[in-house]
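First comes the structure, then the notes that go with it.
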Amino acid sequence: MKTENEIRAEILERVGELYASREAGRKFVPGLDRVHYAGRVFDEKEMQALISSALDFWMTLGEKDIEFTKSLCGYQGMKYGVMANSGSSANLLAVSALCSKNFSGHLNKGDEVVTTAAAFPTTLNPIIQNGLVPVFVDVEADTYNIDAKKIEEALSEKTRAVMFAHTLGNPAEMDRIMSIAKRHDLFVVEDTCDALDSRYGGKLCGTFGDLSTYSFYAAHHITTGEGGAVLTDNPELYKEALSIRDWGRACFCRTGEKNPDGACGRRFSHKFEGLPDGYDHKYVYSNIGYNLKPLDLQCAIGVEQLKKLPAFTEKRKRNFSALYNALKEHKDFLILPRAYEKADPSWFALPVTVREEAPFSRKEIVSYLESKRIETRMLFGGNILRQPGYRDILHRVGGALTNTDKIAEGTFFLGVYPGLDEEKLDYMISVLDDFFRNHTNSREAD
Ligand SMILES: Cc1ncc(COP(=O)(O)O)c(C=O)c1O
């Protein structure tokens, strides 16, 4: 009879063979196969890690959570990490931790948070969901980032925090934002969901503010299928984010804690006001929480993906440059993306805005690309205040949202993810060339 280890090794070897056989049959047919804007990039290592974790059949958070959290915190140079089931949940945890009554500097209902309206909805939603008031400032037309020059004039005595995304991987103007935050005693939450491995002044995005969030959905820089994380250097915020993720409980034992008396060794000997003496710490709730945990299976994939991050980043940069170079001769018709001098972006995608004076509309170029099976996306909600679900939200606007509206009207983005190889990039560039040849000449001849 074979041992468990022998059987496991055989299964994993077969998984490797399955991956290799699928890859051998892969072929790209231009014009027929979709050119995705993003997608999961993996090899047999991720598949084997997933299957190996499945064979353990532990399923909920365990050893792989510890390993992935440690390696992500190590990569980012941050002290504490809380894994979540999505980037949206990570944002919810970050803002909820800031609002936890147990946090010494906590925000109160009605306090204001400066943010942008050219946003992914779940960067904004936790502000609303926690009873805070978003104050919208405009973004820049070419960096697509919060216009840091506009933050100060939007502040009131109620403003307590700034929360924004490094848009599509392009680092926000961090030195200006951090000095404003310091001057006005504001918390900073960096939504780094689209910007893992992007840097500003040589420092990784997500390492400037009080909390940073990450998404590991399949479209992102690394993937666990679905998944996310919150990182912080603040032990208080870490404790509250963990509690809120895990039903709001006061106990910080990991799932499957071996010591029946809890990690603290005092599970039945705490005294909490209003509760019977020695009430089981596992069932003491210090926050009104959720269950936003991912599975260990996802963390197992994350461990392998993180090892590939530097190679992914290199490819993202290469792909961005190739498409940027192809588009730059059309800058009279398109606003091309700009990064700050100090920024070193690992782009999530390449955004462009069709200028008002261009002889074609966004609808025309997007429809053309999609008809050639090249995927495009809008810059999320455009101006989220114009979205049906957001028309009645309590908010304040700090200055005109002129560029935000320009984005709603004219911006779309193209993929630069590591799954785009030279063949696909060449195809994209030839389709773009065709479009510009047809649309710029024909209108000029009118
Ligand atoms: C900037 C930003 N924040 C948050 C999220 C939400 O992440 P998730 O899809 O993992 O919930 C996304 C999603 O793509 C995003 O782009």
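As shown in the structure tokens, the chain order sets the letters A, B, ...; within each chain, residues go from 1, and ligands are also counted from 1 in the order they appear.
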
Using backbone DSSP assignments, extract all strand (DSSP E or B) residues from region 132-178 of chain A; output them as a ChimeraX atom specification. /A:133-137,139,146,159-165

Same residues, N, CA, C and O atoms, saved as a compact mmCIF listing (two decimals), in the first residue's frame:
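Once written, selection29.txt looks like this:
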```txt
# COMPACT_ATOMS: atom_id res chain seq x y z
N VAL A 133 -19.17 61.03 6.07
CA VAL A 133 -19.61 61.84 4.93
C VAL A 133 -18.45 62.01 3.94
O VAL A 133 -17.41 62.57 4.29
N PRO A 134 -18.61 61.48 2.71
CA PRO A 134 -17.54 61.68 1.72
C PRO A 134 -17.51 63.13 1.23
O PRO A 134 -18.56 63.73 0.99
N VAL A 135 -16.29 63.65 1.10
CA VAL A 135 -16.10 64.99 0.53
C VAL A 135 -15.30 64.77 -0.75
O VAL A 135 -14.16 64.30 -0.71
N PHE A 136 -15.92 65.06 -1.89
CA PHE A 136 -15.28 64.73 -3.16
C PHE A 136 -14.43 65.88 -3.67
O PHE A 136 -14.89 67.02 -3.72
N VAL A 137 -13.18 65.55 -4.02
CA VAL A 137 -12.36 66.54 -4.72
C VAL A 137 -12.06 65.98 -6.12
O VAL A 137 -12.16 64.77 -6.34
N VAL A 139 -10.06 64.93 -9.63
CA VAL A 139 -8.83 64.21 -9.95
C VAL A 139 -8.12 64.99 -11.07
O VAL A 139 -8.73 65.87 -11.69
N ILE A 146 -6.24 61.59 -7.30
CA ILE A 146 -6.77 62.70 -6.49
C ILE A 146 -5.85 63.91 -6.68
O ILE A 146 -4.62 63.77 -6.67
N THR A 159 -13.41 67.13 9.05
CA THR A 159 -12.65 66.19 8.20
C THR A 159 -11.61 65.45 9.03
O THR A 159 -10.80 66.07 9.72
N ARG A 160 -11.63 64.13 8.94
CA ARG A 160 -10.74 63.32 9.77
C ARG A 160 -9.80 62.40 8.97
O ARG A 160 -8.87 61.83 9.50
N ALA A 161 -10.11 62.20 7.70
CA ALA A 161 -9.32 61.22 6.94
C ALA A 161 -9.34 61.52 5.45
O ALA A 161 -10.20 62.26 4.96
N VAL A 162 -8.36 60.95 4.75
CA VAL A 162 -8.32 60.98 3.28
C VAL A 162 -8.23 59.52 2.83
O VAL A 162 -7.41 58.77 3.37
N MET A 163 -9.07 59.15 1.90
CA MET A 163 -9.02 57.77 1.38
C MET A 163 -9.13 57.83 -0.14
O MET A 163 -10.04 58.47 -0.68
N PHE A 164 -8.21 57.20 -0.80
CA PHE A 164 -8.16 57.29 -2.27
C PHE A 164 -7.45 56.05 -2.79
O PHE A 164 -6.73 55.37 -2.06
N ALA A 165 -7.63 55.79 -4.09
CA ALA A 165 -6.90 54.70 -4.73
C ALA A 165 -5.73 55.29 -5.53
O ALA A 165 -5.83 56.43 -6.02
```

- [ ] Give me the residues within 9 Å of region 278-281 of chain A as an MDAnalysis selection string, counting only C-alpha atoms and dropping any in the same chain fewer than 4 places off.
- [x] chainID A and resid 249:251 262 266:272 285

Counting only C-alpha atoms and all ligand atoms, the residue among A:Ala241, A:Ile374, A:Leu401, A:Ala195 that lies closest to ligand 1 is A:Ala195

7 Å shell around ligand 1 using only C-alpha atoms and all ligand atoms, listed as a PDB file with N, CA and C atoms, in the first residue's frame:
```pdb
ATOM      1  N   SER A  86     -12.043  39.808  -0.125  1.00  0.00           N
ATOM      2  CA  SER A  86     -11.975  40.654  -1.333  1.00  0.00           C
ATOM      3  C   SER A  86     -11.316  41.983  -0.988  1.00  0.00           C
ATOM      4  N   GLY A  87     -10.966  42.730  -2.010  1.00  0.00           N
ATOM      5  CA  GLY A  87     -10.447  44.081  -1.802  1.00  0.00           C
ATOM      6  C   GLY A  87     -11.538  44.983  -1.245  1.00  0.00           C
ATOM      7  N   SER A  88     -12.762  44.747  -1.671  1.00  0.00           N
ATOM      8  CA  SER A  88     -13.890  45.532  -1.150  1.00  0.00           C
ATOM      9  C   SER A  88     -14.032  45.312   0.345  1.00  0.00           C
ATOM     10  N   SER A  89     -13.907  44.048   0.776  1.00  0.00           N
ATOM     11  CA  SER A  89     -13.982  43.747   2.212  1.00  0.00           C
ATOM     12  C   SER A  89     -12.806  44.384   2.943  1.00  0.00           C
ATOM     13  N   ALA A 119     -14.060  56.909  -9.081  1.00  0.00           N
ATOM     14  CA  ALA A 119     -13.602  55.843  -8.184  1.00  0.00           C
ATOM     15  C   ALA A 119     -14.272  54.514  -8.470  1.00  0.00           C
ATOM     16  N   PHE A 120     -13.596  53.463  -7.995  1.00  0.00           N
ATOM     17  CA  PHE A 120     -14.258  52.172  -7.912  1.00  0.00           C
ATOM     18  C   PHE A 120     -15.242  52.280  -6.736  1.00  0.00           C
ATOM     19  N   THR A 122     -16.302  50.488  -4.293  1.00  0.00           N
ATOM     20  CA  THR A 122     -16.027  50.032  -2.922  1.00  0.00           C
ATOM     21  C   THR A 122     -14.818  50.709  -2.275  1.00  0.00           C
ATOM     22  N   THR A 123     -14.242  51.714  -2.960  1.00  0.00           N
ATOM     23  CA  THR A 123     -13.327  52.609  -2.238  1.00  0.00           C
ATOM     24  C   THR A 123     -14.182  53.595  -1.454  1.00  0.00           C
ATOM     25  N   ALA A 165      -7.634  55.793  -4.086  1.00  0.00           N
ATOM     26  CA  ALA A 165      -6.901  54.700  -4.734  1.00  0.00           C
ATOM     27  C   ALA A 165      -5.735  55.287  -5.527  1.00  0.00           C
ATOM     28  N   THR A 167      -4.684  55.355  -8.695  1.00  0.00           N
ATOM     29  CA  THR A 167      -5.546  54.970  -9.812  1.00  0.00           C
ATOM     30  C   THR A 167      -4.830  54.116 -10.858  1.00  0.00           C
ATOM     31  N   ASP A 191      -5.961  52.913  -0.899  1.00  0.00           N
ATOM     32  CA  ASP A 191      -6.513  51.761  -1.619  1.00  0.00           C
ATOM     33  C   ASP A 191      -5.457  51.367  -2.658  1.00  0.00           C
ATOM     34  N   THR A 192      -4.751  50.283  -2.347  1.00  0.00           N
ATOM     35  CA  THR A 192      -3.639  49.842  -3.189  1.00  0.00           C
ATOM     36  C   THR A 192      -4.065  48.623  -4.018  1.00  0.00           C
ATOM     37  N   CYS A 193      -5.387  48.472  -4.174  1.00  0.00           N
ATOM     38  CA  CYS A 193      -5.924  47.289  -4.868  1.00  0.00           C
ATOM     39  C   CYS A 193      -5.379  47.162  -6.289  1.00  0.00           C
ATOM     40  N   ASP A 194      -5.120  48.301  -6.936  1.00  0.00           N
ATOM     41  CA  ASP A 194      -4.640  48.268  -8.324  1.00  0.00           C
ATOM     42  C   ASP A 194      -3.164  48.631  -8.416  1.00  0.00           C
ATOM     43  N   SER A 215      -6.346  43.983  -3.382  1.00  0.00           N
ATOM     44  CA  SER A 215      -7.312  43.031  -3.946  1.00  0.00           C
ATOM     45  C   SER A 215      -6.549  41.933  -4.667  1.00  0.00           C
ATOM     46  N   PHE A 216      -7.005  40.715  -4.481  1.00  0.00           N
ATOM     47  CA  PHE A 216      -6.398  39.583  -5.195  1.00  0.00           C
ATOM     48  C   PHE A 216      -7.411  38.923  -6.124  1.00  0.00           C
ATOM     49  N   TYR A 217      -8.377  39.717  -6.566  1.00  0.00           N
ATOM     50  CA  TYR A 217      -9.299  39.248  -7.601  1.00  0.00           C
ATOM     51  C   TYR A 217      -8.479  38.970  -8.867  1.00  0.00           C
ATOM     52  N   GLU A 226     -10.568  35.182  -5.700  1.00  0.00           N
ATOM     53  CA  GLU A 226     -11.114  36.321  -4.973  1.00  0.00           C
ATOM     54  C   GLU A 226     -10.206  36.490  -3.764  1.00  0.00           C
ATOM     55  N   GLY A 227     -10.158  37.668  -3.198  1.00  0.00           N
ATOM     56  CA  GLY A 227      -9.351  37.839  -1.983  1.00  0.00           C
ATOM     57  C   GLY A 227      -8.883  39.262  -1.816  1.00  0.00           C
ATOM     58  N   GLY A 228      -8.421  39.555  -0.622  1.00  0.00           N
ATOM     59  CA  GLY A 228      -7.911  40.893  -0.340  1.00  0.00           C
ATOM     60  C   GLY A 228      -7.153  40.901   0.969  1.00  0.00           C
TER      61      GLY A 228
END
```

>> Residues within 9 Å of Asp197 (chain A), please, as a PyMOL selection string. Count only C-alpha atoms; anything in the same chain fewer than 4 positions from it doesn't count.
In response: chain A and resi 76+169+204-205+221+309-310+313+344-346
